[in-house]
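Next comes start27.txt, a file with compact mmCIF, C-alpha atoms.
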# COMPACT_ATOMS: atom_id res chain seq x y z
CA MET A 29 14.98 86.66 -12.04
CA ASN A 30 16.17 87.85 -8.66
CA VAL A 31 14.50 86.86 -5.38
CA LEU A 32 12.25 89.92 -5.22
CA GLU A 33 10.98 89.29 -8.74
CA ILE A 34 10.34 85.63 -7.86
CA LYS A 35 8.52 86.71 -4.69
CA GLU A 36 6.36 89.09 -6.72
CA ALA A 37 5.58 86.53 -9.44
CA VAL A 38 4.30 83.81 -7.10
CA ASN A 39 2.92 86.06 -4.36
CA ALA A 40 5.44 84.66 -1.87
CA GLU A 41 6.91 85.63 1.46
CA ILE A 42 10.65 85.79 2.22
CA LEU A 43 11.35 83.83 5.44
CA THR A 44 15.12 84.21 5.79
CA LYS A 45 17.21 87.25 6.66
CA LYS A 46 20.66 86.56 5.29
CA GLY A 47 20.34 85.44 1.69
CA ASN A 48 21.70 87.54 -1.16
CA LEU A 49 18.72 89.12 -2.90
CA ASP A 50 20.72 90.21 -5.96
CA VAL A 51 21.53 86.74 -7.32
CA GLN A 52 19.94 86.18 -10.72
CA TYR A 53 18.22 82.83 -11.26
CA GLN A 54 17.74 81.75 -14.84
CA TYR A 55 16.92 78.14 -14.09
CA ALA A 56 14.73 76.28 -11.63
CA PHE A 57 14.46 72.65 -10.56
CA ALA A 58 11.19 71.44 -9.04
CA SER A 59 11.10 68.19 -7.06
CA ASP A 60 10.00 66.57 -3.84
CA LEU A 61 12.71 63.93 -4.20
CA MET A 62 15.97 65.07 -2.66
CA SER A 63 18.01 62.39 -4.41
CA ASP A 64 16.77 63.73 -7.74
CA VAL A 65 17.93 67.18 -6.70
CA LEU A 66 21.34 65.69 -5.92
CA ALA A 67 21.38 63.91 -9.28
CA TYR A 68 20.18 66.64 -11.62
CA ALA A 69 20.30 70.13 -10.12
CA SER A 70 23.19 72.57 -10.25
CA ASP A 71 24.20 75.80 -8.52
CA GLU A 72 22.60 79.16 -9.38
CA THR A 73 19.33 77.23 -9.60
CA LEU A 74 16.12 77.99 -7.76
CA LEU A 75 14.93 74.86 -5.95
CA ILE A 76 11.15 74.52 -5.85
CA THR A 77 9.79 71.92 -3.43
CA GLY A 78 6.84 70.94 -1.30
CA LEU A 79 9.00 69.24 1.30
CA ASN A 80 9.89 71.38 4.27
CA ASN A 81 12.21 69.49 6.56
CA PRO A 82 15.83 70.48 7.39
CA GLN A 83 17.12 67.89 4.90
CA VAL A 84 15.94 70.16 2.09
CA ILE A 85 18.36 72.82 3.31
CA ARG A 86 21.14 70.23 3.68
CA THR A 87 20.50 69.00 0.17
CA ALA A 88 20.62 72.56 -1.19
CA GLU A 89 23.81 73.19 0.76
CA MET A 90 25.54 70.20 -0.87
CA MET A 91 24.56 71.52 -4.31
CA ASP A 92 25.51 75.17 -3.60
CA ILE A 93 21.88 76.11 -4.23
CA SER A 94 21.21 79.52 -2.68
CA ALA A 95 17.45 79.93 -2.99
CA ILE A 96 14.52 77.64 -2.18
CA LEU A 97 10.85 78.21 -2.90
CA PHE A 98 8.45 76.20 -0.71
CA VAL A 99 5.09 75.62 -2.37
CA ARG A 100 1.60 74.47 -1.26
CA GLY A 101 1.64 76.76 1.78
CA LYS A 102 4.30 74.75 3.58
CA LYS A 103 5.80 76.72 6.44
CA PRO A 104 9.24 75.41 7.33
CA SER A 105 10.14 74.99 11.01
CA LYS A 106 12.23 77.55 12.90
CA GLU A 107 15.17 75.11 12.78
CA THR A 108 14.89 74.82 9.02
CA ILE A 109 14.92 78.62 8.60
CA GLU A 110 17.85 78.94 11.00
CA LEU A 111 19.81 76.33 9.07
CA ALA A 112 19.10 78.25 5.86
CA ASP A 113 20.27 81.52 7.43
CA GLU A 114 23.44 79.80 8.69
CA ASN A 115 24.14 78.88 5.06
CA ASN A 116 23.22 82.35 3.72
CA MET A 117 20.34 80.91 1.71
CA THR A 118 17.10 82.62 0.80
CA VAL A 119 13.92 80.73 1.66
CA ILE A 120 10.61 81.93 0.27
CA ALA A 121 7.16 80.38 0.60
CA THR A 122 4.01 80.56 -1.48
CA ASP A 123 0.52 79.14 -1.01
CA TYR A 124 0.38 78.22 -4.71
CA ILE A 125 0.71 74.58 -5.71
CA MET A 126 3.91 73.53 -7.45
CA PHE A 127 2.39 73.50 -10.96
CA LYS A 128 1.01 77.02 -10.66
CA ALA A 129 4.22 78.39 -9.14
CA CYS A 130 6.30 76.80 -11.92
CA GLY A 131 3.93 78.11 -14.59
CA LEU A 132 4.06 81.67 -13.30
CA LEU A 133 7.86 81.61 -13.07
CA TYR A 134 8.13 80.18 -16.60
CA GLU A 135 5.89 82.99 -17.81
CA ASN A 136 8.38 85.41 -16.28
CA GLY A 137 11.33 83.93 -18.14
CA MET A 138 12.55 81.24 -15.74
CA ARG A 139 13.49 78.01 -17.50
CA GLY A 140 14.06 74.38 -16.54
CA LEU A 141 17.48 72.78 -16.44
CA GLU A 142 18.33 70.95 -19.66
CA MET B 30 54.56 55.17 -9.97
CA VAL B 31 54.73 57.42 -6.92
CA MET B 32 52.63 56.25 -3.97
CA ASP B 33 49.98 58.77 -3.05
CA SER B 34 50.19 59.02 0.74
CA LEU B 35 47.40 60.07 3.07
CA ILE B 36 47.63 63.74 4.06
CA LYS B 37 44.63 64.04 6.35
CA ARG B 38 41.62 62.01 7.50
CA TYR B 39 38.36 63.52 8.77
CA SER B 40 36.19 60.97 10.61
CA TYR B 41 32.59 61.07 11.79
CA THR B 42 30.31 58.74 13.72
CA ILE B 43 26.87 58.44 12.14
CA THR B 44 23.87 57.40 14.23
CA ARG B 45 21.02 55.31 12.84
CA ASN B 46 17.64 57.01 12.44
CA ASP B 47 19.02 60.41 13.46
CA PHE B 48 17.26 62.53 10.86
CA VAL B 49 17.76 65.78 12.76
CA THR B 50 21.54 65.99 12.50
CA ALA B 51 21.83 63.88 9.34
CA GLY B 52 23.90 65.80 6.84
CA LYS B 53 25.96 67.60 9.47
CA SER B 54 29.05 65.48 8.78
CA SER B 55 28.85 66.10 5.04
CA SER B 56 28.41 69.81 5.72
CA ASP B 57 31.53 69.70 7.88
CA ILE B 58 33.49 67.82 5.18
CA LYS B 59 32.41 70.45 2.65
CA GLY B 60 33.65 73.25 4.91
CA ASN B 61 36.98 71.51 5.50
CA LEU B 62 37.58 70.96 1.78
CA LYS B 63 36.79 74.60 1.09
CA ALA B 64 39.22 75.68 3.81
CA ILE B 65 42.09 73.71 2.30
CA GLY B 66 41.41 75.18 -1.13
CA ILE B 67 39.89 72.29 -3.09
CA ASP B 68 38.09 73.52 -6.23
CA ALA B 69 34.30 74.04 -6.14
CA LYS B 70 33.45 71.32 -8.67
CA THR B 71 35.35 68.64 -6.76
CA ILE B 72 33.85 69.82 -3.48
CA ARG B 73 30.33 69.46 -4.88
CA LYS B 74 31.02 65.91 -6.07
CA ILE B 75 32.41 64.95 -2.65
CA ALA B 76 29.54 66.69 -0.84
CA ILE B 77 26.93 64.74 -2.83
CA ILE B 78 28.77 61.44 -2.35
CA SER B 79 29.26 61.89 1.38
CA TYR B 80 25.71 63.17 1.90
CA GLU B 81 24.13 60.20 0.11
CA ALA B 82 26.47 57.84 2.00
CA GLU B 83 25.64 59.53 5.29
CA MET B 84 21.89 59.28 4.62
CA ASN B 85 22.35 55.61 3.70
CA ILE B 86 23.96 54.91 7.08
CA VAL B 87 21.20 56.83 8.89
CA ILE B 88 18.38 55.12 6.96
CA HIS B 89 19.57 51.57 6.37
CA SER B 90 22.21 50.60 8.93
CA MET B 91 22.71 50.11 12.64
CA GLY B 92 25.08 53.08 12.56
CA GLY B 93 28.58 53.54 11.27
CA LYS B 94 31.51 55.75 10.35
CA LEU B 95 32.15 58.16 7.55
CA HIS B 96 35.72 59.13 6.66
CA CYS B 97 37.05 61.68 4.22
CA ASP B 98 40.67 60.98 3.27
CA ILE B 99 42.71 63.67 1.57
CA TYR B 100 45.57 62.68 -0.71
CA GLU B 101 47.75 64.78 -3.00
CA GLU B 102 45.79 63.83 -6.12
CA LYS B 103 42.50 62.39 -4.88
CA ILE B 104 39.87 62.49 -2.17
CA VAL B 105 38.44 59.23 -0.88
CA ILE B 106 35.18 58.84 1.01
CA VAL B 107 35.11 55.67 3.11
CA CYS B 108 31.79 54.63 4.56
CA GLU B 109 31.58 51.64 6.91
CA ASP B 110 28.50 50.56 8.79
CA GLU B 111 27.65 47.92 11.36
CA GLY B 112 25.16 45.96 9.30
CA PRO B 113 22.78 44.38 8.51
CA GLY B 114 24.37 44.42 5.04
CA ILE B 115 22.93 44.56 1.53
CA PRO B 116 21.55 41.16 0.39
CA ASP B 117 21.72 41.93 -3.34
CA ILE B 118 24.21 44.65 -4.35
CA ASP B 119 23.23 44.57 -8.05
CA LYS B 120 19.63 45.35 -7.11
CA ALA B 121 20.72 48.10 -4.71
CA MET B 122 22.74 49.69 -7.51
CA THR B 123 19.67 49.86 -9.78
CA GLU B 124 18.10 53.31 -10.08
CA GLY B 125 14.66 53.28 -8.46
CA PHE B 126 15.17 50.14 -6.36
CA SER B 127 14.58 51.00 -2.72
CA THR B 128 13.98 49.27 0.60
CA ALA B 129 13.45 52.54 2.50
CA PRO B 130 10.44 52.72 4.83
CA GLU B 131 7.59 55.21 4.38
CA ASN B 132 8.81 57.71 7.00
CA VAL B 133 12.08 58.07 5.07
CA ARG B 134 10.27 58.60 1.77
CA GLU B 135 8.28 61.39 3.40
CA LEU B 136 11.60 63.20 3.96
CA GLY B 137 12.32 63.07 0.23
CA PHE B 138 14.76 60.17 0.40
CA GLY B 139 14.41 56.49 -0.31
CA ALA B 140 13.80 56.94 -4.03
CA GLY B 141 16.41 54.34 -4.87
CA MET B 142 18.93 56.88 -6.15
CA GLY B 143 21.47 56.87 -3.30
CA LEU B 144 24.06 54.34 -4.48
CA PRO B 145 23.58 55.16 -8.19
CA ASN B 146 24.16 58.85 -7.36
CA ILE B 147 27.31 58.02 -5.40
CA LYS B 148 28.64 56.04 -8.34
CA ARG B 149 27.64 58.74 -10.84
CA TYR B 150 29.82 61.39 -9.19
CA SER B 151 32.80 59.12 -8.48
CA ASP B 152 35.94 58.27 -10.46
CA GLU B 153 36.24 54.92 -8.70
CA PHE B 154 33.57 53.09 -6.73
CA LYS B 155 34.00 49.96 -4.60
CA ILE B 156 31.37 48.28 -2.47
CA SER B 157 31.39 45.12 -0.40
CA SER B 158 28.77 43.86 1.98
CA SER B 159 28.14 41.05 4.45
CA ASP B 160 25.92 40.48 7.49
CA ASN B 161 28.48 42.38 9.52
CA GLY B 162 28.20 45.52 7.48
CA THR B 163 28.78 47.36 4.24
CA ILE B 164 31.95 49.14 3.19
CA ILE B 165 31.92 51.70 0.39
CA VAL B 166 35.13 53.29 -0.89
CA VAL B 167 34.64 56.14 -3.33
CA THR B 168 37.45 58.01 -5.05
CA VAL B 169 37.29 61.41 -6.69
CA LEU B 170 40.41 62.57 -8.51
CA ILE B 171 41.47 66.15 -7.88

What's the structure tokens form of this structure?
Amino acid sequence: MNVLEIKEAVNAEILTKKGNLDVQYQYAFASDLMSDVLAYASDETLLITGLNNPQVIRTAEMMDISAILFVRGKKPSKETIELADENNMTVIATDYIMFKACGLLYENGMRGLE
Amino acid sequence: MVMDSLIKRYSYTITRNDFVTAGKSSSDIKGNLKAIGIDAKTIRKIAIISYEAEMNIVIHSMGGKLHCDIYEEKIVIVCEDEGPGIPDIDKAMTEGFSTAPENVRELGFGAGMGLPNIKRYSDEFKISSSDNGTIIVVTVLI
């Protein structure tokens, strides 16, 4: 799925300006624990999280993750969005809870990392 | 055996409890490694190691230094803090064991995965600790 398809599937809003909207994401990793992201995620993965502090962007940066979906209506701060734009990441946000967002994305062909 | 001599050292001062700029040093290290043409897989390993080490200094220590040493055939992350030290290293190396306070857990850290993650991505991992501080030396072969 590309970012626009993800946005459509979970009724989300794109908050960044600079991310590449053409990247295809086949896999997602959902977690509120950043150390688990660092342990298990990989690049070309959509990160789904309910945390919305700048450390989420830093964590994604270290993993070369280029798209983050914030769930549960979390609106990241201006600084967090700016940091994402600096790193050419796409940040999108949905009001859906994590379980619902994951379910809808799975229905659309997104899979979990093995 | 040929001695592998140090080509370049990048050094950073890390401040305790500074959660706003935490991660900046690791981001800088990542950029530097990219600029000198290190491969993406090695860069990611180093980035994870230095980021976990940097967060450890911010969360658990009185402050410290983070160094990234470039050699011909390896990259070494050296992390030295000013204490208070780790009382039981074996426990600290256990996945899930954490002494992080609640405000740190709210940021998504403090799940007891820091040191195990550092070790997981390293080719060589050394740690020593006393009241005066903790030193971690982590090697990744290029």

Practice task
Name all residues at most 9 Å from A:Leu79 (count only C-alpha atoms; drop same-chain ones fewer than 5 positions away) and give them as a list in words.
Solution key: Ser59, Asp60, Leu61, Val84, Phe98, Val99, Lys102 and Pro104 of chain A; Glu135, Leu136 and Gly137 of chain B

Practice task
Considering all atoms listed in the file, return as an NGL selection string whatever protein or nucleic-acid residues lie within 10 Å of stretch 130-139 of chain A, sequence-local ones (same chain, fewer than 6 positions apart) excluded.
Solution key: :A and (29 or 33-38 or 53-58 or 73-74 or 76 or 99 or 124)

Against chain B, which residues of chain A fall within 7 Å? For each one I want the closest pair of atoms and the distance in Å (one decimal), counting only C-alpha atoms, rows by chain and increasing residue number, as a tab-separated table.
residue	atom	partner	partner_atom	distance
A:Asp60	CA	B:Gly137	CA	5.8
A:Leu61	CA	B:Gly137	CA	4.5
A:Met62	CA	B:Gly137	CA	5.1
A:Ser63	CA	B:Met142	CA	5.9
A:Leu66	CA	B:Ile77	CA	6.5
A:Ala67	CA	B:Asn146	CA	6.1
A:Asn81	CA	B:Leu136	CA	6.8
A:Arg86	CA	B:Gly52	CA	6.1
A:Met90	CA	B:Ala76	CA	5.3
A:Met91	CA	B:Arg73	CA	6.2

Practice task
Would you kindly return, as a ChimeraX atom specification, each protein, DNA or RNA residue with an atom no farther than 8 Å from any atom of A:Ile125, considering only C-alpha atoms and excluding same-chain residues fewer than 4 positions away?
Solution key: /A:99-101,129

Exercise for the section: Determine, counting all atoms listed in the file, which protein, DNA and RNA residues have an atom within 7 Å of an atom of A:Glu41; residues of the same chain fewer than 3 positions away are not included. Present the result as a list in words. Expected result: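 Residues near the query, excluding close chain neighbours: Lys35, Ile120, Ala121 and Thr122 of chain A.
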
Exercise for the section: Determine, counting all atoms listed in the file, which protein, DNA and RNA residues have an atom within 10 Å of an atom of A:Thr118; residues of the same chain fewer than 3 positions away are not included. Present the result as a list in words. Expected result: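 The residues that qualify are Val31, Ile42, Leu43, Thr44, Lys45, Lys46, Gly47, Asn48, Leu49, Leu74, Ile93, Ser94, Ala95, Ile96, Leu97, Ile109, Ala112, Asp113 and Asn115 of chain A.
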
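With atom CA of B:Ser151 on one side and atom CA of B:Asp98 on the other, the separation reads 14.3 Å.
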
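For the atom pair formed by atom CA of A:Val119 and atom CA of A:Leu141, the distance is 20.1 Å, given to one decimal.
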
Problem - d(atom CA of B:Tyr41, atom CA of B:Gly66) in Å - result: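 Computed distance, atom CA of B:Tyr41 to atom CA of B:Gly66, equals 21.1 Å.
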
How big is the axis-aligned box around all listed atoms of stretch 54-64 of chain B once 3 Å goes on each side, and where's its centre, in Å to one decimal, as lines of an AutoDock Vina configuration file?
center_x = 33.8
center_y = 70.6
center_z = 4.9
size_x = 16.8
size_y = 16.2
size_z = 13.7

Problem - Point (26.7, 53.0, 16.6), cut-off 9 Å, counting all atoms listed in the file, residues as a list in words - result: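 Answer for this query, in the requested form: Thr42, Ile43, Thr44, Arg45, Met91, Gly92, Gly93, Lys94, Asp110 and Glu111 of chain B.
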